[in-house]
Amino acid sequence: MEVCRCNAVKSVIVVGAGVIGLLTAYFLRQHGLDVIVVDSESGPAQGASYGNGGYLQTAVTDPWNAPGVVQLFAKAWLNGLSGRGDNSAFLTRTSALPGLLGWGLKFLKHANLQTYLSHTVKNMHLAQYSVRLIKKIAGQESISFSQSDAGALIIYKDEKGLSGYADIAKHVAEKGSRFELLDRDALLQKEPSLRSIAEELVGAVYFPDDYAGNCREFCEQLVTVMERQGVEFEFNRRVSGISSNGNAVDVRTDSGRHVADAVVVAAGNFSKQLIRPLGVKLPIAPAKGFSISVPMGDWPDRPRHTIVDMSQHAGVNPLGDVLRVAGAAEFAGMKPGIGKARIEYLVGLVKELFAEFADTIEGETCDPWGGHRPLSADGLPMVSATHIDNVFVNTGHGGMGWSQSAGSGKALADLIAGIAPEFGLSDFSIERFN
Ligand SMILES: Cc1cc2nc3c(=O)[nH]c(=O)nc-3n(C[C@H](O)[C@H](O)[C@H](O)COP(=O)(O)OP(=O)(O)OC[C@H]3O[C@@H](n4cnc5c(N)ncnc54)[C@H](O)[C@@H]3O)c2cc1C
């Protein structure tokens, strides 16, 4: 078990008001600590937590560096070169390659079957713990976030793909999750909204324990709850530097400084540059993705489940009255925003599933959004002490941050407060990269 490298901690600064920072702060406050959350944006969940897919995964939480990812990367680079990249699921811009080199070598080193399966199971246990906590917090604090317990369908249009995925689902089921393999008829019975593409489908893997909900709604309401509970928030404050003298940390912002017993860096992709001057290296790279949120209006046959279409590497999720459509992975640096071509790409994804409904979409009015997943080099998050006393990190959750947020926050808060974590963090320590 990890041991806290700090004296009794009474006060903590959390850098970042994304879902990871907020849930860390929540549990620190539950332990009675004084907590200040600092974020450079004007409110919570303005980074990767803003418009994510809303999928709370609890079974196949697999890292992106699956065996064969080299070919995928090569394809992504060719997509970038061809100029048609904005229409493809994967894209790497040549200009981003130099910045990806060190991270990319580590990423590829972990792309073997043994690591892939073992990290999937580690991620799964963290996500299961986490989703249990999210439900508990929502109940205790009366947070309503368009949540759904209908479960998730991972749909396939080819037999080979479906049976390969079912093998992985079976492997993780042996370690403590549930799934059902559905043929086409069973799939259509469960999700009649897919009837218009019945002929193309071969079946699906159904995860009955997967959950869904709007991450931003959750974060916004959690901030209100935490303010009542005494957590302080400082928005529009960029943290520019962090130091520790062994007893206390000094956190400098663009308009002042804070001294506290400890700091948690939960600044998503920016964590890397914030903590590098302390000699802490975080192998994280930004993987940009996109979403639109389409009002479903009076659509009679609207989908009930989270649906991941593996032929498109993208998902749709009914979150309340809105269909969240999310997908794509771009390695192209930290450029914000979303272009017209990407919006068309997302509308095209809906067309593949629900052609009639897609015709009614006016993409540019559907809250088009682009955000950067903080992707770790080995597919596991970094929830950890560092070699600097009182300095902690909670980042690198990639495409699973919403699913793993509460578990990561609670386990790290336990560690900082000197309470034996219910969930051991040794698999998520940054020591693994040394
Ligand atoms: C398209 C897409 C779809 C996704 N779908 C899912 C999904 O379905 N399920 C799932 O589990 N996960 C999903 N994810 C992943 C998930 O959204 C992220 O892993 C998660 O939001 C990361 O949260 P975070 O708090 O680490 O980062 P962020 O939300 O980016 O928060 C970091 C915060 O730090 C602040 N910050 C940065 N630098 C500084 C500084 N110097 N000073 C002060 N503040 C600073 C930023 O303003 C930001 O608010 C998806 C991501 C994307 C992009």
# chains A, B, ... in the order shown; residues from 1 in each chain; ligands from 1
>>> residues_near_ligand(ligand="ligand 1", cutoff="7 Å", atoms="only C-alpha atoms and all ligand atoms", output="number ranges by chain")
A: 15-21, 38-41, 44-57, 237-240, 266-271, 274, 288-291, 326-328, 370-374, 395-404
>>> residues_around(residues="A:Ser42", least_positions_apart="5", cutoff="9 Å", atoms="only C-alpha atoms", output="list in words")
Glu234, Phe235, Asn236 and Arg237 of chain A
>>> write_last_selection(atoms="N, CA and C atoms", output="PDB file, in the first residue's frame")
ATOM      1  N   GLU A 234     -11.705  29.220  -6.637  1.00  0.00           N
ATOM      2  CA  GLU A 234     -11.148  30.408  -7.291  1.00  0.00           C
ATOM      3  C   GLU A 234     -11.096  30.138  -8.781  1.00  0.00           C
ATOM      4  N   PHE A 235     -12.053  30.730  -9.507  1.00  0.00           N
ATOM      5  CA  PHE A 235     -12.052  30.571 -10.957  1.00  0.00           C
ATOM      6  C   PHE A 235     -11.321  31.761 -11.585  1.00  0.00           C
ATOM      7  N   ASN A 236     -11.046  31.652 -12.862  1.00  0.00           N
ATOM      8  CA  ASN A 236     -10.267  32.676 -13.581  1.00  0.00           C
ATOM      9  C   ASN A 236      -8.901  32.923 -12.951  1.00  0.00           C
ATOM     10  N   ARG A 237      -8.303  31.904 -12.372  1.00  0.00           N
ATOM     11  CA  ARG A 237      -6.955  32.012 -11.772  1.00  0.00           C
ATOM     12  C   ARG A 237      -6.074  30.918 -12.347  1.00  0.00           C
TER      13      ARG A 237
END
>>> closest_atom_pairs(of="stretch 22-132 of chain A", to="stretch 409-415 of chain A", cutoff="7 Å", atoms="only C-alpha atoms", output="tab-separated table")
residue	atom	partner	partner_atom	distance
A:Leu23	CA	A:Gly409	CA	5.1
A:Thr24	CA	A:Gly409	CA	3.7
A:Phe27	CA	A:Lys410	CA	5.5
A:Leu28	CA	A:Ala413	CA	5.0
>>> select_by_dssp(residues="stretch 131-378 of chain A", states="alpha helix (DSSP H)", output="MDAnalysis selection string")
chainID A and resid 131:140 159:174 184:190 215:228 271:275 340:353 355:358
>>> write_last_selection(atoms="C-alpha atoms", output="PDB file, in the first residue's frame")
ATOM      1  CA  VAL A 131     -19.281   4.314 -10.553  1.00  0.00           C
ATOM      2  CA  ARG A 132     -20.546   2.915  -7.233  1.00  0.00           C
ATOM      3  CA  LEU A 133     -19.317   6.121  -5.584  1.00  0.00           C
ATOM      4  CA  ILE A 134     -20.850   8.383  -8.245  1.00  0.00           C
ATOM      5  CA  LYS A 135     -24.255   6.766  -7.632  1.00  0.00           C
ATOM      6  CA  LYS A 136     -23.782   7.126  -3.883  1.00  0.00           C
ATOM      7  CA  ILE A 137     -22.825  10.817  -4.078  1.00  0.00           C
ATOM      8  CA  ALA A 138     -25.728  11.522  -6.446  1.00  0.00           C
ATOM      9  CA  GLY A 139     -28.104   9.932  -3.927  1.00  0.00           C
ATOM     10  CA  GLN A 140     -26.615  11.572  -0.832  1.00  0.00           C
ATOM     11  CA  GLU A 159     -18.745 -11.345 -37.178  1.00  0.00           C
ATOM     12  CA  LYS A 160     -14.972 -11.337 -36.709  1.00  0.00           C
ATOM     13  CA  GLY A 161     -15.009  -8.013 -34.854  1.00  0.00           C
ATOM     14  CA  LEU A 162     -17.896  -9.140 -32.648  1.00  0.00           C
ATOM     15  CA  SER A 163     -16.315 -12.448 -31.669  1.00  0.00           C
ATOM     16  CA  GLY A 164     -12.938 -10.760 -30.945  1.00  0.00           C
ATOM     17  CA  TYR A 165     -14.641  -8.237 -28.690  1.00  0.00           C
ATOM     18  CA  ALA A 166     -16.715 -10.960 -27.009  1.00  0.00           C
ATOM     19  CA  ASP A 167     -13.436 -12.731 -26.124  1.00  0.00           C
ATOM     20  CA  ILE A 168     -12.215  -9.614 -24.296  1.00  0.00           C
ATOM     21  CA  ALA A 169     -15.588  -9.213 -22.569  1.00  0.00           C
ATOM     22  CA  LYS A 170     -15.328 -12.843 -21.458  1.00  0.00           C
ATOM     23  CA  HIS A 171     -11.817 -12.319 -20.116  1.00  0.00           C
ATOM     24  CA  VAL A 172     -12.846  -9.343 -17.989  1.00  0.00           C
ATOM     25  CA  ALA A 173     -16.070 -11.074 -16.921  1.00  0.00           C
ATOM     26  CA  GLU A 174     -13.887 -13.769 -15.310  1.00  0.00           C
ATOM     27  CA  ARG A 184     -29.091  -9.421 -34.339  1.00  0.00           C
ATOM     28  CA  ASP A 185     -32.641 -10.302 -33.241  1.00  0.00           C
ATOM     29  CA  ALA A 186     -31.853  -9.993 -29.557  1.00  0.00           C
ATOM     30  CA  LEU A 187     -30.115  -6.666 -30.213  1.00  0.00           C
ATOM     31  CA  LEU A 188     -33.111  -5.262 -32.094  1.00  0.00           C
ATOM     32  CA  GLN A 189     -35.459  -6.437 -29.389  1.00  0.00           C
ATOM     33  CA  LYS A 190     -33.408  -4.605 -26.778  1.00  0.00           C
ATOM     34  CA  CYS A 215     -20.546  14.821 -16.615  1.00  0.00           C
ATOM     35  CA  ARG A 216     -20.848  18.618 -16.785  1.00  0.00           C
ATOM     36  CA  GLU A 217     -24.257  18.629 -15.071  1.00  0.00           C
ATOM     37  CA  PHE A 218     -22.773  16.459 -12.324  1.00  0.00           C
ATOM     38  CA  CYS A 219     -19.771  18.770 -11.904  1.00  0.00           C
ATOM     39  CA  GLU A 220     -21.839  21.964 -11.796  1.00  0.00           C
ATOM     40  CA  GLN A 221     -24.150  20.613  -9.106  1.00  0.00           C
ATOM     41  CA  LEU A 222     -21.255  19.157  -7.142  1.00  0.00           C
ATOM     42  CA  VAL A 223     -19.676  22.623  -6.976  1.00  0.00           C
ATOM     43  CA  THR A 224     -22.870  24.028  -5.431  1.00  0.00           C
ATOM     44  CA  VAL A 225     -22.881  21.180  -2.893  1.00  0.00           C
ATOM     45  CA  MET A 226     -19.199  21.684  -2.081  1.00  0.00           C
ATOM     46  CA  GLU A 227     -19.554  25.450  -1.663  1.00  0.00           C
ATOM     47  CA  ARG A 228     -22.229  24.716   0.966  1.00  0.00           C
ATOM     48  CA  SER A 271      -0.591  18.836 -15.358  1.00  0.00           C
ATOM     49  CA  LYS A 272       2.508  17.763 -17.254  1.00  0.00           C
ATOM     50  CA  GLN A 273       3.916  21.254 -17.777  1.00  0.00           C
ATOM     51  CA  LEU A 274       2.841  22.477 -14.327  1.00  0.00           C
ATOM     52  CA  ILE A 275       4.768  19.800 -12.496  1.00  0.00           C
ATOM     53  CA  LYS A 340     -17.127  22.615 -39.635  1.00  0.00           C
ATOM     54  CA  ALA A 341     -15.754  19.373 -41.118  1.00  0.00           C
ATOM     55  CA  ARG A 342     -15.703  17.686 -37.714  1.00  0.00           C
ATOM     56  CA  ILE A 343     -19.303  18.741 -37.036  1.00  0.00           C
ATOM     57  CA  GLU A 344     -20.297  17.186 -40.354  1.00  0.00           C
ATOM     58  CA  TYR A 345     -18.349  14.070 -39.392  1.00  0.00           C
ATOM     59  CA  LEU A 346     -20.365  13.755 -36.147  1.00  0.00           C
ATOM     60  CA  VAL A 347     -23.682  14.279 -37.942  1.00  0.00           C
ATOM     61  CA  GLY A 348     -22.491  11.580 -40.379  1.00  0.00           C
ATOM     62  CA  LEU A 349     -22.056   9.199 -37.434  1.00  0.00           C
ATOM     63  CA  VAL A 350     -25.706   9.708 -36.480  1.00  0.00           C
ATOM     64  CA  LYS A 351     -26.679   9.110 -40.109  1.00  0.00           C
ATOM     65  CA  GLU A 352     -25.009   5.689 -39.987  1.00  0.00           C
ATOM     66  CA  LEU A 353     -27.404   4.674 -37.179  1.00  0.00           C
ATOM     67  CA  ALA A 355     -30.710   8.242 -40.989  1.00  0.00           C
ATOM     68  CA  GLU A 356     -34.160   9.841 -40.642  1.00  0.00           C
ATOM     69  CA  PHE A 357     -33.374  11.563 -37.371  1.00  0.00           C
ATOM     70  CA  ALA A 358     -29.982  12.743 -38.703  1.00  0.00           C
TER      71      ALA A 358
END
>>> residues_around(residues="stretch 60-69 of chain A", least_positions_apart="4", cutoff="7 Å", atoms="only C-alpha atoms", output="PyMOL selection string")
chain A and resi 73+107-108+110-113+116+119-120+123-124+169+172+379
>>> write_last_selection(atoms="C-alpha atoms", output="mmCIF file, in the first residue's frame")
data_model
loop_
_atom_site.group_PDB
_atom_site.id
_atom_site.type_symbol
_atom_site.label_atom_id
_atom_site.label_comp_id
_atom_site.auth_asym_id
_atom_site.auth_seq_id
_atom_site.Cartn_x
_atom_site.Cartn_y
_atom_site.Cartn_z
ATOM 1 C CA PHE A 73 -1.201 5.168 -35.765
ATOM 2 C CA PHE A 107 2.843 4.036 -25.611
ATOM 3 C CA LEU A 108 4.002 1.504 -28.202
ATOM 4 C CA HIS A 110 2.948 -1.209 -23.742
ATOM 5 C CA ALA A 111 1.023 -2.312 -26.831
ATOM 6 C CA ASN A 112 1.209 -6.053 -26.173
ATOM 7 C CA LEU A 113 -1.571 -8.478 -25.308
ATOM 8 C CA TYR A 116 -3.412 -4.730 -22.553
ATOM 9 C CA HIS A 119 -4.389 -2.966 -17.588
ATOM 10 C CA THR A 120 -7.969 -3.452 -18.772
ATOM 11 C CA ASN A 123 -8.946 -0.002 -15.039
ATOM 12 C CA MET A 124 -12.141 -1.995 -14.648
ATOM 13 C CA ALA A 169 -15.588 -9.213 -22.569
ATOM 14 C CA VAL A 172 -12.846 -9.343 -17.989
ATOM 15 C CA GLY A 379 -3.358 3.271 -20.469
#
>>> closest_residue(among="A:Leu282, A:Val35, A:Ala287, A:Val249", to="A:Met382", atoms="only C-alpha atoms")
A:Leu282
>>> atom_distance(atom1="atom CA of A:Ile155", atom2="atom CA of A:Gly213")
20.0 Å
>>> closest_residue(among="A:Ala198, A:Ala127, A:Leu425, A:Ile307", to="A:Asn394", atoms="only C-alpha atoms")
A:Leu425
>>> residues_around(residues="A:His125", least_positions_apart="6", cutoff="9 Å", atoms="only C-alpha atoms", output="PyMOL selection string")
chain A and resi 58-59+175-176
>>> write_last_selection(atoms="N, CA and C atoms", output="PDB file, in the first residue's frame")
ATOM      1  N   THR A  58     -17.939   0.153 -16.888  1.00  0.00           N
ATOM      2  CA  THR A  58     -17.531  -0.640 -15.723  1.00  0.00           C
ATOM      3  C   THR A  58     -17.017  -2.026 -16.103  1.00  0.00           C
ATOM      4  N   ALA A  59     -16.872  -2.289 -17.405  1.00  0.00           N
ATOM      5  CA  ALA A  59     -16.421  -3.635 -17.802  1.00  0.00           C
ATOM      6  C   ALA A  59     -15.175  -3.529 -18.686  1.00  0.00           C
ATOM      7  N   LYS A 175     -12.948 -11.754 -14.315  1.00  0.00           N
ATOM      8  CA  LYS A 175     -12.340 -10.952 -13.233  1.00  0.00           C
ATOM      9  C   LYS A 175     -13.379 -10.102 -12.510  1.00  0.00           C
ATOM     10  N   GLY A 176     -14.661 -10.303 -12.846  1.00  0.00           N
ATOM     11  CA  GLY A 176     -15.675  -9.615 -12.038  1.00  0.00           C
ATOM     12  C   GLY A 176     -16.565  -8.615 -12.742  1.00  0.00           C
TER      13      GLY A 176
END
>>> atom_distance(atom1="atom CA of A:Asp158", atom2="atom CA of A:Leu194")
15.8 Å
>>> select_by_dssp(residues="stretch 127-349 of chain A", states="strand (DSSP E or B)", output="number ranges by chain")
A: 148, 152-156, 180-183, 203-207, 211-212, 232-234, 239-244, 249-253, 256-260, 262-265, 284-295, 306-309, 314-319, 322-332, 334
>>> closest_residue(among="A:Ala377, A:Val121, A:Ala385, A:Ala248", to="A:Val9", atoms="only C-alpha atoms")
A:Ala248
>>> decode(residues="stretch 139-271 of chain A", atoms="C-alpha atoms", output="PDB file, in the first residue's frame")
ATOM      1  CA  GLY A 139     -28.104   9.932  -3.927  1.00  0.00           C
ATOM      2  CA  GLN A 140     -26.615  11.572  -0.832  1.00  0.00           C
ATOM      3  CA  GLU A 141     -26.279  15.056  -2.338  1.00  0.00           C
ATOM      4  CA  SER A 142     -29.431  14.953  -4.512  1.00  0.00           C
ATOM      5  CA  ILE A 143     -27.515  15.461  -7.745  1.00  0.00           C
ATOM      6  CA  SER A 144     -29.478  14.784 -10.891  1.00  0.00           C
ATOM      7  CA  PHE A 145     -27.371  14.485 -14.042  1.00  0.00           C
ATOM      8  CA  SER A 146     -29.567  12.869 -16.727  1.00  0.00           C
ATOM      9  CA  GLN A 147     -28.347   9.515 -15.461  1.00  0.00           C
ATOM     10  CA  SER A 148     -29.429   6.163 -16.855  1.00  0.00           C
ATOM     11  CA  ASP A 149     -28.909   2.552 -15.806  1.00  0.00           C
ATOM     12  CA  ALA A 150     -30.073   1.035 -19.111  1.00  0.00           C
ATOM     13  CA  GLY A 151     -26.585  -0.315 -19.824  1.00  0.00           C
ATOM     14  CA  ALA A 152     -24.412  -0.164 -22.929  1.00  0.00           C
ATOM     15  CA  LEU A 153     -24.496  -1.903 -26.303  1.00  0.00           C
ATOM     16  CA  ILE A 154     -21.286  -2.315 -28.256  1.00  0.00           C
ATOM     17  CA  ILE A 155     -22.622  -2.994 -31.739  1.00  0.00           C
ATOM     18  CA  TYR A 156     -20.838  -4.714 -34.618  1.00  0.00           C
ATOM     19  CA  LYS A 157     -21.355  -5.019 -38.343  1.00  0.00           C
ATOM     20  CA  ASP A 158     -18.862  -7.888 -38.793  1.00  0.00           C
ATOM     21  CA  GLU A 159     -18.745 -11.345 -37.178  1.00  0.00           C
ATOM     22  CA  LYS A 160     -14.972 -11.337 -36.709  1.00  0.00           C
ATOM     23  CA  GLY A 161     -15.009  -8.013 -34.854  1.00  0.00           C
ATOM     24  CA  LEU A 162     -17.896  -9.140 -32.648  1.00  0.00           C
ATOM     25  CA  SER A 163     -16.315 -12.448 -31.669  1.00  0.00           C
ATOM     26  CA  GLY A 164     -12.938 -10.760 -30.945  1.00  0.00           C
ATOM     27  CA  TYR A 165     -14.641  -8.237 -28.690  1.00  0.00           C
ATOM     28  CA  ALA A 166     -16.715 -10.960 -27.009  1.00  0.00           C
ATOM     29  CA  ASP A 167     -13.436 -12.731 -26.124  1.00  0.00           C
ATOM     30  CA  ILE A 168     -12.215  -9.614 -24.296  1.00  0.00           C
ATOM     31  CA  ALA A 169     -15.588  -9.213 -22.569  1.00  0.00           C
ATOM     32  CA  LYS A 170     -15.328 -12.843 -21.458  1.00  0.00           C
ATOM     33  CA  HIS A 171     -11.817 -12.319 -20.116  1.00  0.00           C
ATOM     34  CA  VAL A 172     -12.846  -9.343 -17.989  1.00  0.00           C
ATOM     35  CA  ALA A 173     -16.070 -11.074 -16.921  1.00  0.00           C
ATOM     36  CA  GLU A 174     -13.887 -13.769 -15.310  1.00  0.00           C
ATOM     37  CA  LYS A 175     -12.340 -10.952 -13.233  1.00  0.00           C
ATOM     38  CA  GLY A 176     -15.675  -9.615 -12.038  1.00  0.00           C
ATOM     39  CA  SER A 177     -18.025  -8.042 -14.590  1.00  0.00           C
ATOM     40  CA  ARG A 178     -21.103  -9.133 -16.545  1.00  0.00           C
ATOM     41  CA  PHE A 179     -21.927  -9.161 -20.236  1.00  0.00           C
ATOM     42  CA  GLU A 180     -24.406 -10.716 -22.664  1.00  0.00           C
ATOM     43  CA  LEU A 181     -23.659 -11.624 -26.263  1.00  0.00           C
ATOM     44  CA  LEU A 182     -26.641 -10.635 -28.435  1.00  0.00           C
ATOM     45  CA  ASP A 183     -27.367 -11.799 -31.956  1.00  0.00           C
ATOM     46  CA  ARG A 184     -29.091  -9.421 -34.339  1.00  0.00           C
ATOM     47  CA  ASP A 185     -32.641 -10.302 -33.241  1.00  0.00           C
ATOM     48  CA  ALA A 186     -31.853  -9.993 -29.557  1.00  0.00           C
ATOM     49  CA  LEU A 187     -30.115  -6.666 -30.213  1.00  0.00           C
ATOM     50  CA  LEU A 188     -33.111  -5.262 -32.094  1.00  0.00           C
ATOM     51  CA  GLN A 189     -35.459  -6.437 -29.389  1.00  0.00           C
ATOM     52  CA  LYS A 190     -33.408  -4.605 -26.778  1.00  0.00           C
ATOM     53  CA  GLU A 191     -32.793  -1.500 -28.893  1.00  0.00           C
ATOM     54  CA  PRO A 192     -35.590  -1.147 -31.503  1.00  0.00           C
ATOM     55  CA  SER A 193     -34.241   2.257 -32.573  1.00  0.00           C
ATOM     56  CA  LEU A 194     -31.639   0.347 -34.650  1.00  0.00           C
ATOM     57  CA  ARG A 195     -34.290  -1.359 -36.838  1.00  0.00           C
ATOM     58  CA  SER A 196     -33.580   0.761 -39.908  1.00  0.00           C
ATOM     59  CA  ILE A 197     -30.027  -0.652 -40.146  1.00  0.00           C
ATOM     60  CA  ALA A 198     -31.005  -4.222 -39.155  1.00  0.00           C
ATOM     61  CA  GLU A 199     -29.513  -5.756 -42.308  1.00  0.00           C
ATOM     62  CA  GLU A 200     -26.064  -4.296 -41.598  1.00  0.00           C
ATOM     63  CA  LEU A 201     -25.839  -5.487 -37.994  1.00  0.00           C
ATOM     64  CA  VAL A 202     -24.531  -8.846 -36.815  1.00  0.00           C
ATOM     65  CA  GLY A 203     -25.036  -8.356 -33.078  1.00  0.00           C
ATOM     66  CA  ALA A 204     -23.676  -6.688 -29.957  1.00  0.00           C
ATOM     67  CA  VAL A 205     -22.098  -7.160 -26.593  1.00  0.00           C
ATOM     68  CA  TYR A 206     -24.394  -5.810 -23.884  1.00  0.00           C
ATOM     69  CA  PHE A 207     -23.026  -4.576 -20.544  1.00  0.00           C
ATOM     70  CA  PRO A 208     -25.987  -4.446 -18.116  1.00  0.00           C
ATOM     71  CA  ASP A 209     -24.001  -2.781 -15.313  1.00  0.00           C
ATOM     72  CA  ASP A 210     -22.707   0.142 -17.355  1.00  0.00           C
ATOM     73  CA  TYR A 211     -24.156   3.498 -16.475  1.00  0.00           C
ATOM     74  CA  ALA A 212     -24.472   6.889 -18.147  1.00  0.00           C
ATOM     75  CA  GLY A 213     -24.846  10.517 -17.201  1.00  0.00           C
ATOM     76  CA  ASN A 214     -23.968  14.082 -18.103  1.00  0.00           C
ATOM     77  CA  CYS A 215     -20.546  14.821 -16.615  1.00  0.00           C
ATOM     78  CA  ARG A 216     -20.848  18.618 -16.785  1.00  0.00           C
ATOM     79  CA  GLU A 217     -24.257  18.629 -15.071  1.00  0.00           C
ATOM     80  CA  PHE A 218     -22.773  16.459 -12.324  1.00  0.00           C
ATOM     81  CA  CYS A 219     -19.771  18.770 -11.904  1.00  0.00           C
ATOM     82  CA  GLU A 220     -21.839  21.964 -11.796  1.00  0.00           C
ATOM     83  CA  GLN A 221     -24.150  20.613  -9.106  1.00  0.00           C
ATOM     84  CA  LEU A 222     -21.255  19.157  -7.142  1.00  0.00           C
ATOM     85  CA  VAL A 223     -19.676  22.623  -6.976  1.00  0.00           C
ATOM     86  CA  THR A 224     -22.870  24.028  -5.431  1.00  0.00           C
ATOM     87  CA  VAL A 225     -22.881  21.180  -2.893  1.00  0.00           C
ATOM     88  CA  MET A 226     -19.199  21.684  -2.081  1.00  0.00           C
ATOM     89  CA  GLU A 227     -19.554  25.450  -1.663  1.00  0.00           C
ATOM     90  CA  ARG A 228     -22.229  24.716   0.966  1.00  0.00           C
ATOM     91  CA  GLN A 229     -19.840  22.293   2.610  1.00  0.00           C
ATOM     92  CA  GLY A 230     -17.090  24.921   2.848  1.00  0.00           C
ATOM     93  CA  VAL A 231     -14.844  24.255  -0.159  1.00  0.00           C
ATOM     94  CA  GLU A 232     -13.467  27.492  -1.636  1.00  0.00           C
ATOM     95  CA  PHE A 233     -13.343  27.991  -5.399  1.00  0.00           C
ATOM     96  CA  GLU A 234     -11.148  30.408  -7.291  1.00  0.00           C
ATOM     97  CA  PHE A 235     -12.052  30.571 -10.957  1.00  0.00           C
ATOM     98  CA  ASN A 236     -10.267  32.676 -13.581  1.00  0.00           C
ATOM     99  CA  ARG A 237      -6.955  32.012 -11.772  1.00  0.00           C
ATOM    100  CA  ARG A 238      -4.164  30.340 -13.700  1.00  0.00           C
ATOM    101  CA  VAL A 239      -1.622  28.478 -11.599  1.00  0.00           C
ATOM    102  CA  SER A 240       1.840  29.372 -12.833  1.00  0.00           C
ATOM    103  CA  GLY A 241       4.134  27.545 -10.416  1.00  0.00           C
ATOM    104  CA  ILE A 242       4.274  25.127  -7.506  1.00  0.00           C
ATOM    105  CA  SER A 243       7.002  24.571  -4.909  1.00  0.00           C
ATOM    106  CA  SER A 244       7.334  22.612  -1.687  1.00  0.00           C
ATOM    107  CA  ASN A 245       9.703  23.100   1.251  1.00  0.00           C
ATOM    108  CA  GLY A 246       8.939  19.667   2.682  1.00  0.00           C
ATOM    109  CA  ASN A 247       6.349  20.979   5.165  1.00  0.00           C
ATOM    110  CA  ALA A 248       4.178  23.232   3.047  1.00  0.00           C
ATOM    111  CA  VAL A 249       3.447  23.939  -0.591  1.00  0.00           C
ATOM    112  CA  ASP A 250       3.427  27.295  -2.300  1.00  0.00           C
ATOM    113  CA  VAL A 251       1.036  27.596  -5.242  1.00  0.00           C
ATOM    114  CA  ARG A 252       1.515  30.723  -7.347  1.00  0.00           C
ATOM    115  CA  THR A 253      -1.307  32.038  -9.523  1.00  0.00           C
ATOM    116  CA  ASP A 254      -1.497  34.943 -11.937  1.00  0.00           C
ATOM    117  CA  SER A 255      -3.023  37.045  -9.140  1.00  0.00           C
ATOM    118  CA  GLY A 256      -1.446  35.942  -5.892  1.00  0.00           C
ATOM    119  CA  ARG A 257      -0.361  32.800  -4.096  1.00  0.00           C
ATOM    120  CA  HIS A 258      -1.629  30.169  -1.677  1.00  0.00           C
ATOM    121  CA  VAL A 259       0.244  28.295   0.990  1.00  0.00           C
ATOM    122  CA  ALA A 260      -1.155  24.958   2.168  1.00  0.00           C
ATOM    123  CA  ASP A 261      -0.029  21.621   3.555  1.00  0.00           C
ATOM    124  CA  ALA A 262      -0.411  19.827   0.230  1.00  0.00           C
ATOM    125  CA  VAL A 263      -1.340  20.273  -3.432  1.00  0.00           C
ATOM    126  CA  VAL A 264      -3.092  17.973  -5.891  1.00  0.00           C
ATOM    127  CA  VAL A 265      -2.354  18.656  -9.548  1.00  0.00           C
ATOM    128  CA  ALA A 266      -5.472  17.626 -11.491  1.00  0.00           C
ATOM    129  CA  ALA A 267      -5.103  19.957 -14.454  1.00  0.00           C
ATOM    130  CA  GLY A 268      -5.675  17.365 -17.202  1.00  0.00           C
ATOM    131  CA  ASN A 269      -3.157  17.720 -20.020  1.00  0.00           C
ATOM    132  CA  PHE A 270      -1.683  20.845 -18.403  1.00  0.00           C
ATOM    133  CA  SER A 271      -0.591  18.836 -15.358  1.00  0.00           C
TER     134      SER A 271
END
